[in-house]
Amino acid sequence: MNNKTQNYITMIGTCIKVSNEPEHQPVWIGKDPVDFTADMSRLTT
C-alpha cells in the first residue's frame with residue numbers, strides 16, 4: 001500500500017461502493033446539488 005496512485009484509486013472505489021449502498025442513497029439521490037446524481041453516475045462508469 002505504498003503506491004500513492006493505487007491508494008487513491010482504491011479510496012475512490014470505496015467511496016463509490018459506500019454511496020451506492022441502499023441505506024446511503026437517500027442521503028444524496030435527488031438532493032441539492034441536483035447534478036451530484038449525474039456526477040456520481042459518470043464517476044461510477
# chains A, B, ... in the order shown; residues from 1 in each chain; ligands from 1
$ residues_around --residues "stretch 19-28 of chain A" --least-positions-apart "2" --cutoff "12 Å" --atoms "only C-alpha atoms" --output "CSV table (one decimal) with all heavy atoms, in the first residue's frame"
chain,number,residue,atom,x,y,z
A,12,ILE,N,-11.3,6.0,-4.0
A,12,ILE,CA,-12.4,6.4,-4.9
A,12,ILE,C,-13.4,5.2,-5.0
A,12,ILE,O,-14.6,5.4,-4.9
A,12,ILE,CB,-12.0,6.9,-6.2
A,12,ILE,CG1,-11.2,8.2,-6.1
A,12,ILE,CG2,-13.1,7.0,-7.2
A,12,ILE,CD1,-10.5,8.7,-7.3
A,13,GLY,N,-12.9,4.0,-5.3
A,13,GLY,CA,-13.7,2.8,-5.4
A,13,GLY,C,-14.5,2.5,-4.1
A,13,GLY,O,-15.7,2.2,-4.2
A,14,THR,N,-13.9,2.7,-3.0
A,14,THR,CA,-14.6,2.5,-1.7
A,14,THR,C,-15.7,3.6,-1.5
A,14,THR,O,-16.8,3.2,-1.1
A,14,THR,CB,-13.6,2.6,-0.6
A,14,THR,OG1,-12.6,1.6,-0.8
A,14,THR,CG2,-14.3,2.4,0.8
A,15,CYS,N,-15.4,4.8,-1.9
A,15,CYS,CA,-16.4,5.9,-1.8
A,15,CYS,C,-17.6,5.6,-2.7
A,15,CYS,O,-18.8,5.8,-2.3
A,15,CYS,CB,-15.8,7.2,-2.1
A,15,CYS,SG,-14.7,7.8,-0.9
A,16,ILE,N,-17.4,5.1,-3.9
A,16,ILE,CA,-18.5,4.8,-4.8
A,16,ILE,C,-19.3,3.6,-4.2
A,16,ILE,O,-20.5,3.7,-4.2
A,16,ILE,CB,-17.9,4.4,-6.2
A,16,ILE,CG1,-17.4,5.7,-6.9
A,16,ILE,CG2,-19.0,3.8,-7.1
A,16,ILE,CD1,-16.6,5.4,-8.1
A,17,LYS,N,-18.6,2.6,-3.8
A,17,LYS,CA,-19.3,1.4,-3.2
A,17,LYS,C,-20.2,1.8,-2.0
A,17,LYS,O,-21.4,1.4,-2.0
A,17,LYS,CB,-18.3,0.4,-2.8
A,17,LYS,CG,-18.9,-0.9,-2.2
A,17,LYS,CD,-17.9,-1.9,-1.8
A,17,LYS,CE,-18.5,-3.1,-1.1
A,17,LYS,NZ,-17.6,-4.0,-0.6
A,30,GLY,N,-31.4,12.8,-5.5
A,30,GLY,CA,-32.4,13.8,-5.6
A,30,GLY,C,-32.2,15.0,-4.7
A,30,GLY,O,-33.1,15.8,-4.6
A,31,LYS,N,-31.1,15.1,-4.1
A,31,LYS,CA,-30.8,16.2,-3.2
A,31,LYS,C,-29.9,17.3,-3.9
A,31,LYS,O,-29.3,17.0,-4.9
A,31,LYS,CB,-30.1,15.7,-1.9
A,31,LYS,CG,-30.8,14.6,-1.2
A,31,LYS,CD,-32.0,15.1,-0.5
A,31,LYS,CE,-32.6,13.9,0.3
A,31,LYS,NZ,-33.8,14.0,0.9
A,32,ASP,N,-29.9,18.5,-3.3
A,32,ASP,CA,-29.0,19.5,-3.8
A,32,ASP,C,-27.6,19.2,-3.5
A,32,ASP,O,-27.3,18.6,-2.5
A,32,ASP,CB,-29.4,20.9,-3.2
A,32,ASP,CG,-30.7,21.4,-3.7
A,32,ASP,OD1,-31.0,21.1,-4.9
A,32,ASP,OD2,-31.3,22.1,-3.0
A,33,PRO,N,-26.6,19.5,-4.4
A,33,PRO,CA,-26.8,20.0,-5.7
A,33,PRO,C,-27.4,18.9,-6.6
A,33,PRO,O,-26.9,17.7,-6.6
A,33,PRO,CB,-25.5,20.4,-6.2
A,33,PRO,CG,-24.5,19.6,-5.4
A,33,PRO,CD,-25.2,19.3,-4.1
A,34,VAL,N,-28.3,19.2,-7.5
A,34,VAL,CA,-29.0,18.2,-8.3
A,34,VAL,C,-28.0,17.5,-9.2
A,34,VAL,O,-28.2,16.3,-9.5
A,34,VAL,CB,-30.1,18.9,-9.1
A,34,VAL,CG1,-30.8,17.9,-10.0
A,34,VAL,CG2,-31.1,19.5,-8.2
A,35,ASP,N,-27.0,18.1,-9.7
A,35,ASP,CA,-26.1,17.5,-10.6
A,35,ASP,C,-25.2,16.5,-10.0
A,35,ASP,O,-24.5,15.8,-10.6
A,35,ASP,CB,-25.3,18.5,-11.4
A,35,ASP,CG,-24.4,19.4,-10.6
A,35,ASP,OD1,-24.7,19.5,-9.3
A,35,ASP,OD2,-23.5,20.0,-11.1
A,36,PHE,N,-25.2,16.4,-8.6
A,36,PHE,CA,-24.4,15.4,-7.9
A,36,PHE,C,-24.8,14.0,-8.4
A,36,PHE,O,-23.9,13.1,-8.6
A,36,PHE,CB,-24.6,15.5,-6.4
A,36,PHE,CG,-23.7,14.6,-5.6
A,36,PHE,CD1,-22.3,14.9,-5.5
A,36,PHE,CD2,-24.2,13.5,-5.1
A,36,PHE,CE1,-21.5,14.0,-4.8
A,36,PHE,CE2,-23.4,12.6,-4.4
A,36,PHE,CZ,-22.1,12.9,-4.2
A,37,THR,N,-26.1,13.7,-8.6
A,37,THR,CA,-26.5,12.4,-9.0
A,37,THR,C,-25.9,12.1,-10.4
A,37,THR,O,-25.4,10.9,-10.6
A,37,THR,CB,-28.1,12.3,-9.1
A,37,THR,OG1,-28.6,12.6,-7.8
A,37,THR,CG2,-28.5,10.9,-9.5
A,38,ALA,N,-25.9,13.0,-11.3
A,38,ALA,CA,-25.3,12.8,-12.6
A,38,ALA,C,-23.8,12.6,-12.5
A,38,ALA,O,-23.2,11.7,-13.2
A,38,ALA,CB,-25.7,13.9,-13.5
A,39,ASP,N,-23.2,13.4,-11.6
A,39,ASP,CA,-21.7,13.2,-11.4
A,39,ASP,C,-21.4,11.9,-10.9
A,39,ASP,O,-20.4,11.3,-11.3
A,39,ASP,CB,-21.2,14.3,-10.5
A,39,ASP,CG,-21.3,15.7,-11.1
A,39,ASP,OD1,-21.4,15.8,-12.4
A,39,ASP,OD2,-21.2,16.7,-10.4
A,40,MET,N,-22.2,11.4,-9.9
A,40,MET,CA,-21.9,10.1,-9.4
A,40,MET,C,-22.0,9.0,-10.4
A,40,MET,O,-21.2,8.0,-10.5
A,40,MET,CB,-22.9,9.8,-8.2
A,40,MET,CG,-22.4,10.3,-6.9
A,40,MET,SD,-20.8,9.7,-6.3
A,40,MET,CE,-21.3,8.0,-6.0
A,41,SER,N,-23.0,9.1,-11.3
A,41,SER,CA,-23.2,8.2,-12.4
A,41,SER,C,-22.0,8.2,-13.3
A,41,SER,O,-21.5,7.1,-13.7
A,41,SER,CB,-24.5,8.5,-13.2
A,41,SER,OG,-24.6,7.6,-14.2
A,43,LEU,N,-18.9,9.2,-12.6
A,43,LEU,CA,-17.8,8.7,-11.8
A,43,LEU,C,-17.8,7.1,-11.7
A,43,LEU,O,-16.8,6.5,-11.9
A,43,LEU,CB,-17.8,9.3,-10.4
A,43,LEU,CG,-16.6,8.9,-9.5
A,43,LEU,CD1,-15.3,9.3,-10.1
A,43,LEU,CD2,-16.8,9.4,-8.1
A,44,THR,N,-19.0,6.6,-11.5
A,44,THR,CA,-19.1,5.1,-11.4
A,44,THR,C,-18.7,4.4,-12.7
A,44,THR,O,-18.1,3.4,-12.7
A,44,THR,CB,-20.5,4.7,-11.0
A,44,THR,OG1,-20.8,5.4,-9.8
A,44,THR,CG2,-20.7,3.3,-10.9
$ select_by_dssp --residues "chain A" --states "helix (DSSP H, G or I)" --output "VMD selection string"
chain A and resid 4 to 19 25 to 28 35 to 44
$ write_last_selection --atoms "N, CA and C atoms" --output "JSON list (two decimals), in the first residue's frame"
[["chain", "number", "residue", "atom", "x", "y", "z"],
["A", 4, "LYS", "N", 1.00, 5.56, -4.07],
["A", 4, "LYS", "CA", 0.06, 6.67, -3.84],
["A", 4, "LYS", "C", -1.11, 6.63, -4.83],
["A", 5, "THR", "N", -0.83, 6.35, -6.09],
["A", 5, "THR", "CA", -1.89, 6.31, -7.10],
["A", 5, "THR", "C", -2.86, 5.17, -6.83],
["A", 6, "GLN", "N", -2.35, 4.01, -6.50],
["A", 6, "GLN", "CA", -3.22, 2.86, -6.20],
["A", 6, "GLN", "C", -4.07, 3.14, -4.96],
["A", 7, "ASN", "N", -3.51, 3.78, -3.96],
["A", 7, "ASN", "CA", -4.28, 4.13, -2.77],
["A", 7, "ASN", "C", -5.42, 5.08, -3.12],
["A", 8, "TYR", "N", -5.15, 6.03, -4.00],
["A", 8, "TYR", "CA", -6.17, 6.99, -4.43],
["A", 8, "TYR", "C", -7.29, 6.29, -5.18],
["A", 9, "ILE", "N", -6.95, 5.40, -6.09],
["A", 9, "ILE", "CA", -7.96, 4.66, -6.87],
["A", 9, "ILE", "C", -8.79, 3.78, -5.94],
["A", 10, "THR", "N", -8.14, 3.13, -4.99],
["A", 10, "THR", "CA", -8.86, 2.29, -4.03],
["A", 10, "THR", "C", -9.82, 3.12, -3.19],
["A", 11, "MET", "N", -9.39, 4.31, -2.77],
["A", 11, "MET", "CA", -10.24, 5.20, -1.97],
["A", 11, "MET", "C", -11.48, 5.61, -2.76],
["A", 12, "ILE", "N", -11.30, 5.96, -4.03],
["A", 12, "ILE", "CA", -12.44, 6.36, -4.86],
["A", 12, "ILE", "C", -13.41, 5.19, -5.02],
["A", 13, "GLY", "N", -12.88, 4.01, -5.27],
["A", 13, "GLY", "CA", -13.74, 2.82, -5.41],
["A", 13, "GLY", "C", -14.54, 2.55, -4.15],
["A", 14, "THR", "N", -13.91, 2.72, -3.00],
["A", 14, "THR", "CA", -14.60, 2.53, -1.73],
["A", 14, "THR", "C", -15.71, 3.56, -1.54],
["A", 15, "CYS", "N", -15.44, 4.80, -1.88],
["A", 15, "CYS", "CA", -16.44, 5.87, -1.76],
["A", 15, "CYS", "C", -17.65, 5.58, -2.66],
["A", 16, "ILE", "N", -17.39, 5.13, -3.87],
["A", 16, "ILE", "CA", -18.47, 4.79, -4.80],
["A", 16, "ILE", "C", -19.30, 3.64, -4.24],
["A", 17, "LYS", "N", -18.62, 2.61, -3.76],
["A", 17, "LYS", "CA", -19.31, 1.44, -3.21],
["A", 17, "LYS", "C", -20.23, 1.83, -2.05],
["A", 18, "VAL", "N", -19.69, 2.60, -1.11],
["A", 18, "VAL", "CA", -20.47, 3.01, 0.06],
["A", 18, "VAL", "C", -21.64, 3.90, -0.34],
["A", 19, "SER", "N", -21.42, 4.85, -1.23],
["A", 19, "SER", "CA", -22.50, 5.77, -1.61],
["A", 19, "SER", "C", -23.61, 5.08, -2.38],
["A", 25, "GLN", "N", -28.15, 5.80, -0.18],
["A", 25, "GLN", "CA", -28.67, 6.52, -1.34],
["A", 25, "GLN", "C", -29.66, 7.63, -1.00],
["A", 26, "PRO", "N", -30.54, 7.46, -0.02],
["A", 26, "PRO", "CA", -31.47, 8.56, 0.29],
["A", 26, "PRO", "C", -30.77, 9.86, 0.71],
["A", 27, "VAL", "N", -29.53, 9.76, 1.14],
["A", 27, "VAL", "CA", -28.79, 10.94, 1.56],
["A", 27, "VAL", "C", -28.46, 11.83, 0.38],
["A", 28, "TRP", "N", -28.23, 11.25, -0.81],
["A", 28, "TRP", "CA", -27.75, 12.07, -1.93],
["A", 28, "TRP", "C", -28.61, 12.00, -3.19],
["A", 35, "ASP", "N", -27.02, 18.15, -9.72],
["A", 35, "ASP", "CA", -26.10, 17.50, -10.65],
["A", 35, "ASP", "C", -25.18, 16.49, -9.97],
["A", 36, "PHE", "N", -25.24, 16.38, -8.64],
["A", 36, "PHE", "CA", -24.42, 15.40, -7.94],
["A", 36, "PHE", "C", -24.78, 13.99, -8.37],
["A", 37, "THR", "N", -26.09, 13.72, -8.57],
["A", 37, "THR", "CA", -26.52, 12.39, -9.01],
["A", 37, "THR", "C", -25.92, 12.06, -10.36],
["A", 38, "ALA", "N", -25.91, 13.00, -11.30],
["A", 38, "ALA", "CA", -25.32, 12.77, -12.61],
["A", 38, "ALA", "C", -23.81, 12.59, -12.48],
["A", 39, "ASP", "N", -23.19, 13.37, -11.63],
["A", 39, "ASP", "CA", -21.74, 13.24, -11.43],
["A", 39, "ASP", "C", -21.38, 11.87, -10.86],
["A", 40, "MET", "N", -22.16, 11.38, -9.93],
["A", 40, "MET", "CA", -21.90, 10.06, -9.36],
["A", 40, "MET", "C", -22.04, 8.98, -10.43],
["A", 41, "SER", "N", -23.02, 9.14, -11.29],
["A", 41, "SER", "CA", -23.21, 8.18, -12.38],
["A", 41, "SER", "C", -22.00, 8.17, -13.30],
["A", 42, "ARG", "N", -21.52, 9.35, -13.67],
["A", 42, "ARG", "CA", -20.33, 9.44, -14.53],
["A", 42, "ARG", "C", -19.10, 8.88, -13.84],
["A", 43, "LEU", "N", -18.94, 9.15, -12.57],
["A", 43, "LEU", "CA", -17.79, 8.66, -11.83],
["A", 43, "LEU", "C", -17.81, 7.14, -11.75],
["A", 44, "THR", "N", -18.97, 6.57, -11.55],
["A", 44, "THR", "CA", -19.09, 5.12, -11.44],
["A", 44, "THR", "C", -18.70, 4.43, -12.74]]
$ decode --residues "stretch 2-43 of chain A" --atoms "N, CA and C atoms" --output "tab-separated table (two decimals), in the first residue's frame"
chain	number	residue	atom	x	y	z
A	2	ASN	N	2.02	1.18	-0.56
A	2	ASN	CA	2.89	2.34	-0.63
A	2	ASN	C	2.72	3.12	-1.93
A	3	ASN	N	1.95	2.59	-2.87
A	3	ASN	CA	1.74	3.26	-4.14
A	3	ASN	C	0.64	4.30	-3.98
A	4	LYS	N	1.00	5.56	-4.07
A	4	LYS	CA	0.06	6.67	-3.84
A	4	LYS	C	-1.11	6.63	-4.83
A	5	THR	N	-0.83	6.35	-6.09
A	5	THR	CA	-1.89	6.31	-7.10
A	5	THR	C	-2.86	5.17	-6.83
A	6	GLN	N	-2.35	4.01	-6.50
A	6	GLN	CA	-3.22	2.86	-6.20
A	6	GLN	C	-4.07	3.14	-4.96
A	7	ASN	N	-3.51	3.78	-3.96
A	7	ASN	CA	-4.28	4.13	-2.77
A	7	ASN	C	-5.42	5.08	-3.12
A	8	TYR	N	-5.15	6.03	-4.00
A	8	TYR	CA	-6.17	6.99	-4.43
A	8	TYR	C	-7.29	6.29	-5.18
A	9	ILE	N	-6.95	5.40	-6.09
A	9	ILE	CA	-7.96	4.66	-6.87
A	9	ILE	C	-8.79	3.78	-5.94
A	10	THR	N	-8.14	3.13	-4.99
A	10	THR	CA	-8.86	2.29	-4.03
A	10	THR	C	-9.82	3.12	-3.19
A	11	MET	N	-9.39	4.31	-2.77
A	11	MET	CA	-10.24	5.20	-1.97
A	11	MET	C	-11.48	5.61	-2.76
A	12	ILE	N	-11.30	5.96	-4.03
A	12	ILE	CA	-12.44	6.36	-4.86
A	12	ILE	C	-13.41	5.19	-5.02
A	13	GLY	N	-12.88	4.01	-5.27
A	13	GLY	CA	-13.74	2.82	-5.41
A	13	GLY	C	-14.54	2.55	-4.15
A	14	THR	N	-13.91	2.72	-3.00
A	14	THR	CA	-14.60	2.53	-1.73
A	14	THR	C	-15.71	3.56	-1.54
A	15	CYS	N	-15.44	4.80	-1.88
A	15	CYS	CA	-16.44	5.87	-1.76
A	15	CYS	C	-17.65	5.58	-2.66
A	16	ILE	N	-17.39	5.13	-3.87
A	16	ILE	CA	-18.47	4.79	-4.80
A	16	ILE	C	-19.30	3.64	-4.24
A	17	LYS	N	-18.62	2.61	-3.76
A	17	LYS	CA	-19.31	1.44	-3.21
A	17	LYS	C	-20.23	1.83	-2.05
A	18	VAL	N	-19.69	2.60	-1.11
A	18	VAL	CA	-20.47	3.01	0.06
A	18	VAL	C	-21.64	3.90	-0.34
A	19	SER	N	-21.42	4.85	-1.23
A	19	SER	CA	-22.50	5.77	-1.61
A	19	SER	C	-23.61	5.08	-2.38
A	20	ASN	N	-23.33	3.96	-3.03
A	20	ASN	CA	-24.34	3.24	-3.79
A	20	ASN	C	-25.08	2.18	-2.98
A	21	GLU	N	-24.71	2.00	-1.72
A	21	GLU	CA	-25.44	1.06	-0.88
A	21	GLU	C	-26.83	1.64	-0.59
A	22	PRO	N	-27.86	0.78	-0.60
A	22	PRO	CA	-29.24	1.27	-0.45
A	22	PRO	C	-29.48	2.16	0.77
A	23	GLU	N	-28.82	1.88	1.87
A	23	GLU	CA	-29.06	2.68	3.08
A	23	GLU	C	-28.44	4.07	3.00
A	24	HIS	N	-27.53	4.30	2.05
A	24	HIS	CA	-26.91	5.61	1.91
A	24	HIS	C	-27.48	6.43	0.76
A	25	GLN	N	-28.15	5.80	-0.18
A	25	GLN	CA	-28.67	6.52	-1.34
A	25	GLN	C	-29.66	7.63	-1.00
A	26	PRO	N	-30.54	7.46	-0.02
A	26	PRO	CA	-31.47	8.56	0.29
A	26	PRO	C	-30.77	9.86	0.71
A	27	VAL	N	-29.53	9.76	1.14
A	27	VAL	CA	-28.79	10.94	1.56
A	27	VAL	C	-28.46	11.83	0.38
A	28	TRP	N	-28.23	11.25	-0.81
A	28	TRP	CA	-27.75	12.07	-1.93
A	28	TRP	C	-28.61	12.00	-3.19
A	29	ILE	N	-29.43	10.99	-3.37
A	29	ILE	CA	-30.23	10.90	-4.59
A	29	ILE	C	-31.35	11.94	-4.53
A	30	GLY	N	-31.39	12.79	-5.54
A	30	GLY	CA	-32.41	13.82	-5.64
A	30	GLY	C	-32.22	15.01	-4.70
A	31	LYS	N	-31.09	15.11	-4.08
A	31	LYS	CA	-30.81	16.22	-3.17
A	31	LYS	C	-29.93	17.25	-3.85
A	32	ASP	N	-29.88	18.46	-3.29
A	32	ASP	CA	-29.01	19.50	-3.82
A	32	ASP	C	-27.56	19.17	-3.51
A	33	PRO	N	-26.64	19.46	-4.37
A	33	PRO	CA	-26.84	19.96	-5.72
A	33	PRO	C	-27.35	18.85	-6.63
A	34	VAL	N	-28.32	19.18	-7.47
A	34	VAL	CA	-29.00	18.20	-8.31
A	34	VAL	C	-28.03	17.48	-9.23
A	35	ASP	N	-27.02	18.15	-9.72
A	35	ASP	CA	-26.10	17.50	-10.65
A	35	ASP	C	-25.18	16.49	-9.97
A	36	PHE	N	-25.24	16.38	-8.64
A	36	PHE	CA	-24.42	15.40	-7.94
A	36	PHE	C	-24.78	13.99	-8.37
A	37	THR	N	-26.09	13.72	-8.57
A	37	THR	CA	-26.52	12.39	-9.01
A	37	THR	C	-25.92	12.06	-10.36
A	38	ALA	N	-25.91	13.00	-11.30
A	38	ALA	CA	-25.32	12.77	-12.61
A	38	ALA	C	-23.81	12.59	-12.48
A	39	ASP	N	-23.19	13.37	-11.63
A	39	ASP	CA	-21.74	13.24	-11.43
A	39	ASP	C	-21.38	11.87	-10.86
A	40	MET	N	-22.16	11.38	-9.93
A	40	MET	CA	-21.90	10.06	-9.36
A	40	MET	C	-22.04	8.98	-10.43
A	41	SER	N	-23.02	9.14	-11.29
A	41	SER	CA	-23.21	8.18	-12.38
A	41	SER	C	-22.00	8.17	-13.30
A	42	ARG	N	-21.52	9.35	-13.67
A	42	ARG	CA	-20.33	9.44	-14.53
A	42	ARG	C	-19.10	8.88	-13.84
A	43	LEU	N	-18.94	9.15	-12.57
A	43	LEU	CA	-17.79	8.66	-11.83
A	43	LEU	C	-17.81	7.14	-11.75
